[in-house]
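For reference, upload.txt (compact mmCIF, C-alpha atoms):
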```
# COMPACT_ATOMS: atom_id res chain seq x y z
CA MET A 9 92.26 125.19 95.26
CA LYS A 10 95.01 126.73 97.37
CA ALA A 11 98.00 128.30 95.65
CA ALA A 12 101.57 127.60 96.70
CA HIS A 13 103.43 130.22 98.71
CA THR A 14 107.11 129.49 99.08
CA SER A 15 110.41 131.09 100.01
CA ARG A 16 114.09 130.51 99.34
CA GLU A 17 114.64 129.26 102.89
CA GLY A 18 113.84 125.70 101.88
CA GLY A 19 110.65 123.88 101.13
CA GLY A 20 109.41 121.12 98.95
CA LEU A 21 107.32 119.74 96.14
CA PHE A 22 105.42 116.45 95.89
CA VAL A 23 105.29 115.13 92.33
CA THR A 24 102.38 112.81 91.64
CA GLY A 25 100.28 111.80 88.67
CA THR A 26 96.98 110.52 87.43
CA ASP A 27 98.51 107.13 86.62
CA THR A 28 101.77 105.22 86.43
CA GLY A 29 104.26 105.51 83.56
CA ILE A 30 103.36 109.08 82.62
CA GLY A 31 106.77 110.70 83.13
CA LYS A 32 106.81 111.89 86.74
CA THR A 33 110.55 111.23 87.02
CA PHE A 34 111.20 113.02 83.71
CA ILE A 35 109.44 116.13 85.03
CA ALA A 36 110.86 115.94 88.57
CA CYS A 37 114.41 115.72 87.18
CA ALA A 38 113.89 118.86 85.09
CA ILE A 39 112.73 120.79 88.14
CA ALA A 40 115.71 119.51 90.14
CA ARG A 41 118.12 120.68 87.43
CA ASN A 42 116.46 124.09 87.29
CA TRP A 43 116.60 124.48 91.06
CA ARG A 44 120.28 123.55 91.02
CA ALA A 45 120.88 126.18 88.34
CA MET A 46 119.28 128.71 90.70
CA GLY A 47 121.84 127.82 93.35
CA LEU A 48 119.47 125.86 95.58
CA THR A 49 120.36 122.71 97.52
CA VAL A 50 118.09 120.00 96.13
CA ALA A 51 117.11 116.93 98.14
CA PRO A 52 115.21 114.49 95.89
CA ARG A 53 113.23 111.73 97.56
CA LYS A 54 111.75 108.55 96.05
CA PRO A 55 111.15 106.76 99.36
CA VAL A 56 110.00 103.49 97.81
CA GLU A 57 110.58 102.16 94.30
CA SER A 58 109.28 98.84 92.97
CA GLY A 59 110.27 97.01 89.80
CA CYS A 60 113.98 97.54 90.51
CA PRO A 61 116.30 95.39 88.33
CA GLU A 62 119.12 93.47 89.96
CA ARG A 63 122.68 94.57 89.22
CA ASP A 64 125.72 92.89 90.80
CA GLY A 65 123.51 91.27 93.40
CA GLN A 66 121.84 94.56 94.38
CA LEU A 67 118.49 96.08 93.43
CA LEU A 68 118.97 99.27 91.42
CA PRO A 69 116.33 102.03 91.88
CA GLU A 70 116.54 103.51 88.37
CA ASP A 71 114.17 106.44 88.97
CA ALA A 72 115.96 107.37 92.19
CA ALA A 73 119.33 107.23 90.40
CA LEU A 74 118.03 109.68 87.78
CA LEU A 75 116.74 112.01 90.49
CA ALA A 76 120.07 111.85 92.32
CA ALA A 77 121.98 112.76 89.15
CA ALA A 78 119.60 115.63 88.39
CA ALA A 79 120.19 117.02 91.88
CA GLY A 80 123.96 116.79 91.43
CA LEU A 81 124.41 113.95 93.92
CA THR A 82 127.13 111.36 93.39
CA PRO A 83 126.01 107.76 92.71
CA ASP A 84 127.00 106.65 96.21
CA ARG A 85 124.35 109.00 97.64
CA VAL A 86 121.38 107.33 95.96
CA ASN A 87 120.50 105.80 99.35
CA GLU A 88 119.59 109.32 100.49
CA VAL A 89 117.04 109.46 97.70
CA ASN A 90 115.61 105.96 97.99
CA ARG A 91 115.43 103.88 101.17
CA TYR A 92 113.13 101.05 100.09
CA ARG A 93 113.73 99.20 96.82
CA LEU A 94 111.61 96.28 95.69
CA ALA A 95 112.01 93.75 92.90
CA GLU A 96 108.42 93.02 91.86
CA PRO A 97 106.92 95.45 89.28
CA LEU A 98 103.78 95.94 91.35
CA ALA A 99 102.27 98.59 93.58
CA PRO A 100 104.78 99.20 96.42
CA ASP A 101 102.49 97.96 99.18
CA LEU A 102 102.04 94.58 97.46
CA ALA A 103 105.68 94.34 96.34
CA ALA A 104 106.87 94.99 99.90
CA ARG A 105 104.43 92.46 101.31
CA LEU A 106 105.65 89.81 98.84
CA ALA A 107 109.24 90.61 99.86
CA GLY A 108 108.29 89.92 103.46
CA HIS A 109 108.85 93.48 104.63
CA PRO A 110 105.54 95.38 104.77
CA LEU A 111 105.88 99.16 104.65
CA TYR A 112 103.97 101.71 106.70
CA LEU A 113 103.36 105.40 106.26
CA ALA A 114 105.67 106.27 109.16
CA ASP A 115 108.52 104.48 107.36
CA LEU A 116 108.04 106.57 104.22
CA ILE A 117 107.69 109.83 106.12
CA ALA A 118 111.00 109.14 107.86
CA ALA A 119 112.62 108.33 104.51
CA CYS A 120 111.59 111.76 103.21
CA SER A 121 113.29 113.82 105.91
CA ARG A 122 114.57 117.14 104.49
CA PRO A 123 117.90 118.70 105.44
CA GLN A 124 117.49 122.22 106.81
CA GLY A 125 117.53 124.81 104.04
CA ALA A 126 117.21 122.22 101.25
CA TRP A 127 114.47 121.98 98.66
CA ARG A 128 112.88 118.55 98.69
CA ILE A 129 111.35 116.97 95.58
CA THR A 130 109.41 113.86 96.55
CA GLU A 131 108.21 111.55 93.80
CA GLY A 132 105.40 109.17 94.59
CA ALA A 133 104.71 105.83 92.92
CA GLY A 134 101.77 105.48 90.57
CA GLY A 135 98.82 107.83 90.75
CA LEU A 136 97.67 110.11 93.56
CA TYR A 137 95.32 107.47 94.98
CA SER A 138 97.54 104.46 94.31
CA PRO A 139 98.36 102.37 97.41
CA LEU A 140 101.86 103.15 98.65
CA CYS A 141 102.11 101.16 101.88
CA GLU A 142 99.98 99.11 104.27
CA ASP A 143 98.24 102.14 105.76
CA GLY A 144 98.49 104.84 103.13
CA LEU A 145 98.12 106.10 99.58
CA ASN A 146 100.36 108.56 97.73
CA ALA A 147 97.88 111.23 98.81
CA ASP A 148 98.43 110.31 102.46
CA LEU A 149 102.19 110.75 102.13
CA ALA A 150 101.70 114.09 100.36
CA GLN A 151 99.39 115.20 103.15
CA ALA A 152 101.83 114.12 105.85
CA LEU A 153 104.75 115.97 104.22
CA GLY A 154 102.67 119.10 103.62
CA ASP A 155 104.50 120.16 100.45
CA PRO A 156 102.71 121.67 97.43
CA VAL A 157 101.69 119.09 94.84
CA LEU A 158 102.62 119.04 91.16
CA LEU A 159 100.24 116.88 89.15
CA VAL A 160 101.58 115.15 86.01
CA ALA A 161 99.28 113.67 83.37
CA GLU A 162 99.56 112.55 79.78
CA ASP A 163 98.25 115.19 77.37
CA ARG A 164 95.78 113.10 75.40
CA LEU A 165 92.09 112.66 74.76
CA GLY A 166 90.43 111.37 77.93
CA THR A 167 92.87 112.83 80.42
CA LEU A 168 90.55 115.53 81.73
CA SER A 169 88.42 113.24 83.90
CA GLY A 170 91.42 111.78 85.72
CA CYS A 171 92.92 115.23 86.25
CA LEU A 172 89.70 116.75 87.55
CA LEU A 173 89.17 113.84 89.93
CA ALA A 174 92.72 114.34 91.22
CA LEU A 175 92.10 118.06 91.68
CA GLU A 176 88.94 117.33 93.67
CA ALA A 177 90.88 114.88 95.85
CA LEU A 178 93.59 117.48 96.50
CA ASP A 179 90.98 120.06 97.39
CA ARG A 180 89.16 117.72 99.77
CA ARG A 181 92.42 117.00 101.57
CA GLY A 182 93.39 120.66 101.78
CA LEU A 183 96.52 120.08 99.71
CA THR A 184 98.16 122.93 97.83
CA LEU A 185 98.37 122.59 94.04
CA ALA A 186 101.60 124.00 92.61
CA GLY A 187 100.49 123.37 89.03
CA ILE A 188 99.83 120.74 86.40
CA VAL A 189 102.18 119.39 83.75
CA LEU A 190 100.58 117.77 80.72
CA ASN A 191 103.27 115.48 79.37
CA ARG A 192 103.78 113.79 76.00
CA ARG A 193 101.39 115.71 73.79
CA ARG A 194 101.52 113.77 70.54
CA THR A 195 102.13 115.47 67.22
CA GLU A 196 99.01 113.83 65.77
CA ALA A 197 96.77 115.17 68.56
CA HIS A 198 93.71 117.02 67.28
CA PRO A 199 94.64 120.72 67.02
CA ALA A 200 91.39 121.73 68.68
CA MET A 201 92.07 119.65 71.79
CA ASP A 202 93.14 122.06 74.54
CA ASN A 203 93.45 120.20 77.83
CA ARG A 204 95.76 122.92 79.12
CA LEU A 205 93.21 125.69 78.80
CA THR A 206 90.41 123.56 80.24
CA LEU A 207 92.43 122.51 83.28
CA ALA A 208 93.69 126.05 83.88
CA ARG A 209 90.10 127.24 83.90
CA HIS A 210 88.93 124.54 86.33
CA SER A 211 91.95 124.65 88.67
CA GLY A 212 92.83 128.32 88.65
CA ARG A 213 96.47 127.25 88.68
CA PRO A 214 99.28 127.20 86.06
CA VAL A 215 99.27 124.37 83.52
CA TRP A 216 102.21 123.54 81.25
CA SER A 217 102.24 121.28 78.21
CA VAL A 218 105.24 119.22 77.06
CA ALA A 219 105.40 117.63 73.60
CA GLU A 220 106.21 113.95 73.17
CA GLY A 221 109.95 113.35 72.76
CA THR A 222 111.02 116.74 74.16
CA PRO A 223 114.81 116.60 74.82
CA PRO A 224 115.90 117.22 78.43
CA ALA A 225 117.58 120.56 77.60
CA GLU A 226 114.40 121.84 75.96
CA LEU A 227 112.29 120.51 78.81
CA ASP A 228 114.47 122.39 81.31
CA GLN A 229 113.86 125.58 79.36
CA ILE A 230 110.08 125.00 79.27
CA LEU A 231 109.99 124.38 83.02
CA SER A 232 112.49 127.09 83.96
CA ALA A 233 109.90 129.73 84.82
CA PRO A 234 107.58 127.23 86.57
CA SER A 235 110.49 125.92 88.64
CA SER A 236 111.35 129.47 89.70
CA SER A 237 107.72 130.24 90.55
CA MET A 238 107.63 127.24 92.90
CA VAL A 239 110.47 128.80 94.89
CA SER A 240 109.34 132.43 94.94
CA PRO A 241 106.00 134.07 94.08
CA PRO A 242 105.69 135.12 90.41
CA GLU A 243 105.98 138.75 89.44
CA PRO A 244 102.65 140.63 89.20
CA GLY A 245 101.13 140.21 85.75
CA SER A 246 103.42 137.33 84.77
CA ALA A 247 101.98 134.56 82.62
CA GLY A 248 101.05 131.41 84.50
CA SER A 249 101.02 128.86 81.68
CA ASN A 250 102.79 128.19 78.45
CA PRO A 251 101.17 128.69 75.04
```

Final structure tokens representation of the file:
Amino acid sequence: MKAAHTSREGGGLFVTGTDTGIGKTFIACAIARNWRAMGLTVAPRKPVESGCPERDGQLLPEDAALLAAAAGLTPDRVNEVNRYRLAEPLAPDLAARLAGHPLYLADLIAACSRPQGAWRITEGAGGLYSPLCEDGLNADLAQALGDPVLLVAEDRLGTLSGCLLALEALDRRGLTLAGIVLNRRRTEAHPAMDNRLTLARHSGRPVWSVAEGTPPAELDQILSAPSSSMVSPPEPGSAGSNP
């Protein structure tokens, strides 16, 4: 698995997961806030969002609005974050087809254009191999953009198989793994369960664990060092994962 090598001259991160509803936006927003605190220009991208509620006759991309706020963008700039918004709570390819406007990979690549010198955070929809458009999966968009990938999964019993399959898929496609975030570790989880250690051993990359119900301020602190390491190489001998 390739490691990420970045610089402060601009770059990006593709946030994906093993499934839907596992907190990708929650994690992406924390990284955006940390990057802002470092003085970076952050360009979040959620090129397509389905399941958007209607407000005042318009579809509201709630995840994209959260990403925009985390990056310090005013509400009127949410269109920069999200170009395609769909009403049906289905996979984007199907939701777009039902809306009569099929989407193609070229559309989503164009929607993810990055201003020069900015740091792009692109959030996919669903899991790494979920269909995203007529001719592509989330993995295809990640491959086209060429940014390192952050994998988000729920920290529970049974998550290892999905994570390891995702890691194999990333490796087969030659994609760079920035790290893994295990989200929502429940307080009643068996104390001997250590998905973090297992995944760190198999991936050779940093793995961070976030407890269920972690407040945003605490999450930002947990992901502060990881966010910095995605921008510049870590110092020699620095720890790669949280305890």

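Between atom CA of A:Leu94 and atom CA of A:Cys60 the separation is 5.8 Å.
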
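Between atom CA of A:Glu142 and atom CA of A:Asp71 lies a distance of 22.1 Å.
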
> So what do you get for atom CA of A:Ser236 versus atom CA of A:Ile39, distance-wise?
Replying inline: 8.9 Å

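Those residues that approach stretch 102-106 of chain A to within 9 Å, counting all atoms listed in the file, are A:Ser58, A:Gly59, A:Tyr92, A:Arg93, A:Leu94, A:Ala95, A:Glu96, A:Pro139, A:Leu140, A:Cys141, A:Glu142; same-chain residues fewer than 6 positions away are not listed.
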
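Ranking A:Asn87, A:Glu131, A:Ala118, A:Pro100 by their shortest atom-to-atom distance to A:Lys54, with all atoms listed in the file included, puts A:Glu131 first.
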
>> Using all atoms listed in the file for the distances, tell me which of A:Ala126, A:Ile117, A:Ala73, A:Ala225 is nearest to A:Arg44.
In response: A:Ala126

Give me, as a Markdown table, the closest atom pair and its distance (Å, one decimal) for every residue of stretch 190-242 of chain A within a cut-off of 8 Å of stretch 169-186 of chain A, counting all atoms listed in the file, rows sorted by chain and rising number.
```
| residue | atom | partner | partner_atom | distance |
| --- | --- | --- | --- | --- |
| A:Leu207 | CA | A:Leu172 | CA | 7.7 |
| A:His210 | CA | A:Leu172 | CA | 7.9 |
| A:Ser211 | CA | A:Leu175 | CA | 7.2 |
| A:Arg213 | CA | A:Ala186 | CA | 7.2 |
| A:Pro214 | CA | A:Ala186 | CA | 7.7 |
| A:Met238 | CA | A:Ala186 | CA | 6.9 |
```

Selection export as an mmCIF file, keeping the file's coordinate frame, atoms kept: C-alpha atoms:
```
data_model
loop_
_atom_site.group_PDB
_atom_site.id
_atom_site.type_symbol
_atom_site.label_atom_id
_atom_site.label_comp_id
_atom_site.auth_asym_id
_atom_site.auth_seq_id
_atom_site.Cartn_x
_atom_site.Cartn_y
_atom_site.Cartn_z
ATOM 1 C CA LEU A 207 92.430 122.510 83.280
ATOM 2 C CA HIS A 210 88.930 124.540 86.330
ATOM 3 C CA SER A 211 91.950 124.650 88.670
ATOM 4 C CA ARG A 213 96.470 127.250 88.680
ATOM 5 C CA PRO A 214 99.280 127.200 86.060
ATOM 6 C CA MET A 238 107.630 127.240 92.900
#
```

>> Using all atoms listed in the file, can you tell me which of A:Pro110, A:Gly221, A:Gly134, A:Gly144 comes closest to A:Thr26?
In response: A:Gly134

>> List as a PyMOL selection string the protein and nucleic acid residues near A:Leu81, meaning an atom at most 12 Å away when all atoms listed in the file are counted, but skip any in the same chain fewer than 6 places from it.
In response: chain A and resi 40-41+44+49-53+72-75+87-89

Output file for the selection above: C-alpha atoms, as a short mmCIF file (atom, residue, chain, number, x, y, z; two decimals), keeping the file's coordinate frame:
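Output file selection06.cif follows:
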```cif
data_model
loop_
_atom_site.label_atom_id
_atom_site.label_comp_id
_atom_site.auth_asym_id
_atom_site.auth_seq_id
_atom_site.Cartn_x
_atom_site.Cartn_y
_atom_site.Cartn_z
CA ALA A 40 115.71 119.51 90.14
CA ARG A 41 118.12 120.68 87.43
CA ARG A 44 120.28 123.55 91.02
CA THR A 49 120.36 122.71 97.52
CA VAL A 50 118.09 120.00 96.13
CA ALA A 51 117.11 116.93 98.14
CA PRO A 52 115.21 114.49 95.89
CA ARG A 53 113.23 111.73 97.56
CA ALA A 72 115.96 107.37 92.19
CA ALA A 73 119.33 107.23 90.40
CA LEU A 74 118.03 109.68 87.78
CA LEU A 75 116.74 112.01 90.49
CA ASN A 87 120.50 105.80 99.35
CA GLU A 88 119.59 109.32 100.49
CA VAL A 89 117.04 109.46 97.70
#
```

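Among A:Pro69, A:Gly154, A:Pro234, A:Gly29, the residue with the shortest atom-to-atom distance to A:Trp216, counting only C-alpha atoms, is A:Pro234.
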
> Need the neighbours of (118.1, 128.6, 92.1): which residues are at most 9 Å away, counting all atoms listed in the file, as number ranges by chain?
Replying inline: A: 16, 42-49, 235-236, 239

> Of the candidates A:Asn146, A:Asn191, A:Thr82, A:Asn90, which shows the shortest atom-to-atom distance to A:Val160, using only C-alpha atoms?
Replying inline: A:Asn191

>> I'd like the contact shell of A:Lys32 - 10 Å cut-off, all atoms listed in the file, skipping same-chain residues fewer than 2 positions apart - returned as a PyMOL selection string.
In response: chain A and resi 23-30+34-37+71+131-135+158-161+189+191

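Proximity to A:Thr167 was assessed for A:Asp143, A:Asp202, A:Asp155, A:Glu57 counting all atoms listed in the file; the smallest distance is recorded for A:Asp202.
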
>> So that I can see what lies close to A:His198, please list as a PyMOL selection string the residues with an atom at most 12 Å from it, counting all atoms listed in the file and leaving out residues fewer than 3 positions away in the same chain.
In response: chain A and resi 163-165+193-195+201-203

Once all heavy atoms are restored for stretch 200-211 of chain A, what would the output be as a tab-separated table (two decimals), in the coordinates of the input?
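Printed below is selection-v3.tsv as written:
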```tsv
chain	number	residue	atom	x	y	z
A	200	ALA	N	92.39	121.04	67.88
A	200	ALA	CA	91.39	121.73	68.68
A	200	ALA	C	91.36	121.26	70.13
A	200	ALA	O	90.74	121.90	70.98
A	200	ALA	CB	90.00	121.55	68.06
A	201	MET	N	92.03	120.15	70.42
A	201	MET	CA	92.07	119.65	71.79
A	201	MET	C	92.94	120.57	72.64
A	201	MET	O	94.11	120.79	72.32
A	201	MET	CB	92.64	118.22	71.82
A	201	MET	CG	92.63	117.59	73.22
A	201	MET	SD	93.37	115.93	73.26
A	201	MET	CE	95.13	116.34	73.18
A	202	ASP	N	92.40	121.12	73.70
A	202	ASP	CA	93.14	122.06	74.54
A	202	ASP	C	92.93	121.71	76.01
A	202	ASP	O	92.22	122.40	76.74
A	202	ASP	CB	92.70	123.49	74.25
A	202	ASP	CG	93.72	124.52	74.74
A	202	ASP	OD1	94.53	124.17	75.63
A	202	ASP	OD2	93.71	125.66	74.25
A	203	ASN	N	93.55	120.61	76.43
A	203	ASN	CA	93.45	120.20	77.83
A	203	ASN	C	94.05	121.25	78.76
A	203	ASN	O	93.57	121.45	79.88
A	203	ASN	CB	94.16	118.86	78.04
A	203	ASN	CG	93.47	117.71	77.35
A	203	ASN	OD1	92.25	117.69	77.23
A	203	ASN	ND2	94.24	116.74	76.88
A	204	ARG	N	95.10	121.92	78.30
A	204	ARG	CA	95.76	122.92	79.12
A	204	ARG	C	94.81	124.04	79.51
A	204	ARG	O	94.69	124.40	80.69
A	204	ARG	CB	96.99	123.49	78.39
A	204	ARG	CG	97.80	124.47	79.23
A	204	ARG	CD	98.81	125.21	78.38
A	204	ARG	NE	98.15	126.01	77.36
A	204	ARG	CZ	97.58	127.19	77.59
A	204	ARG	NH1	97.58	127.70	78.81
A	204	ARG	NH2	97.02	127.87	76.62
A	205	LEU	N	94.12	124.58	78.53
A	205	LEU	CA	93.21	125.69	78.80
A	205	LEU	C	92.06	125.24	79.70
A	205	LEU	O	91.67	125.95	80.64
A	205	LEU	CB	92.66	126.24	77.48
A	205	LEU	CG	91.74	127.46	77.58
A	205	LEU	CD1	92.49	128.64	78.20
A	205	LEU	CD2	91.21	127.84	76.20
A	206	THR	N	91.52	124.06	79.44
A	206	THR	CA	90.41	123.56	80.24
A	206	THR	C	90.81	123.36	81.69
A	206	THR	O	90.09	123.76	82.62
A	206	THR	CB	89.89	122.22	79.66
A	206	THR	OG1	89.48	122.42	78.31
A	206	THR	CG2	88.72	121.68	80.46
A	207	LEU	N	91.99	122.76	81.91
A	207	LEU	CA	92.43	122.51	83.28
A	207	LEU	C	92.81	123.81	84.00
A	207	LEU	O	92.58	123.94	85.20
A	207	LEU	CB	93.61	121.55	83.27
A	207	LEU	CG	93.25	120.10	82.92
A	207	LEU	CD1	94.50	119.26	82.75
A	207	LEU	CD2	92.35	119.50	84.00
A	208	ALA	N	93.38	124.75	83.27
A	208	ALA	CA	93.69	126.05	83.88
A	208	ALA	C	92.41	126.74	84.35
A	208	ALA	O	92.37	127.35	85.42
A	208	ALA	CB	94.45	126.92	82.88
A	209	ARG	N	91.37	126.61	83.54
A	209	ARG	CA	90.10	127.24	83.90
A	209	ARG	C	89.48	126.58	85.14
A	209	ARG	O	88.96	127.25	86.02
A	209	ARG	CB	89.13	127.15	82.72
A	209	ARG	CG	87.80	127.88	82.96
A	209	ARG	CD	86.95	127.94	81.71
A	209	ARG	NE	86.44	126.63	81.34
A	209	ARG	CZ	86.79	125.96	80.26
A	209	ARG	NH1	87.70	126.46	79.44
A	209	ARG	NH2	86.28	124.77	79.98
A	210	HIS	N	89.55	125.25	85.21
A	210	HIS	CA	88.93	124.54	86.33
A	210	HIS	C	89.77	124.60	87.61
A	210	HIS	O	89.21	124.56	88.70
A	210	HIS	CB	88.71	123.07	85.95
A	210	HIS	CG	87.51	122.85	85.09
A	210	HIS	ND1	86.22	122.73	85.61
A	210	HIS	CD2	87.38	122.73	83.75
A	210	HIS	CE1	85.37	122.55	84.62
A	210	HIS	NE2	86.04	122.54	83.48
A	211	SER	N	91.09	124.69	87.48
A	211	SER	CA	91.95	124.65	88.67
A	211	SER	C	92.33	126.03	89.18
A	211	SER	O	92.63	126.20	90.36
A	211	SER	CB	93.23	123.86	88.37
A	211	SER	OG	94.05	124.56	87.45
```
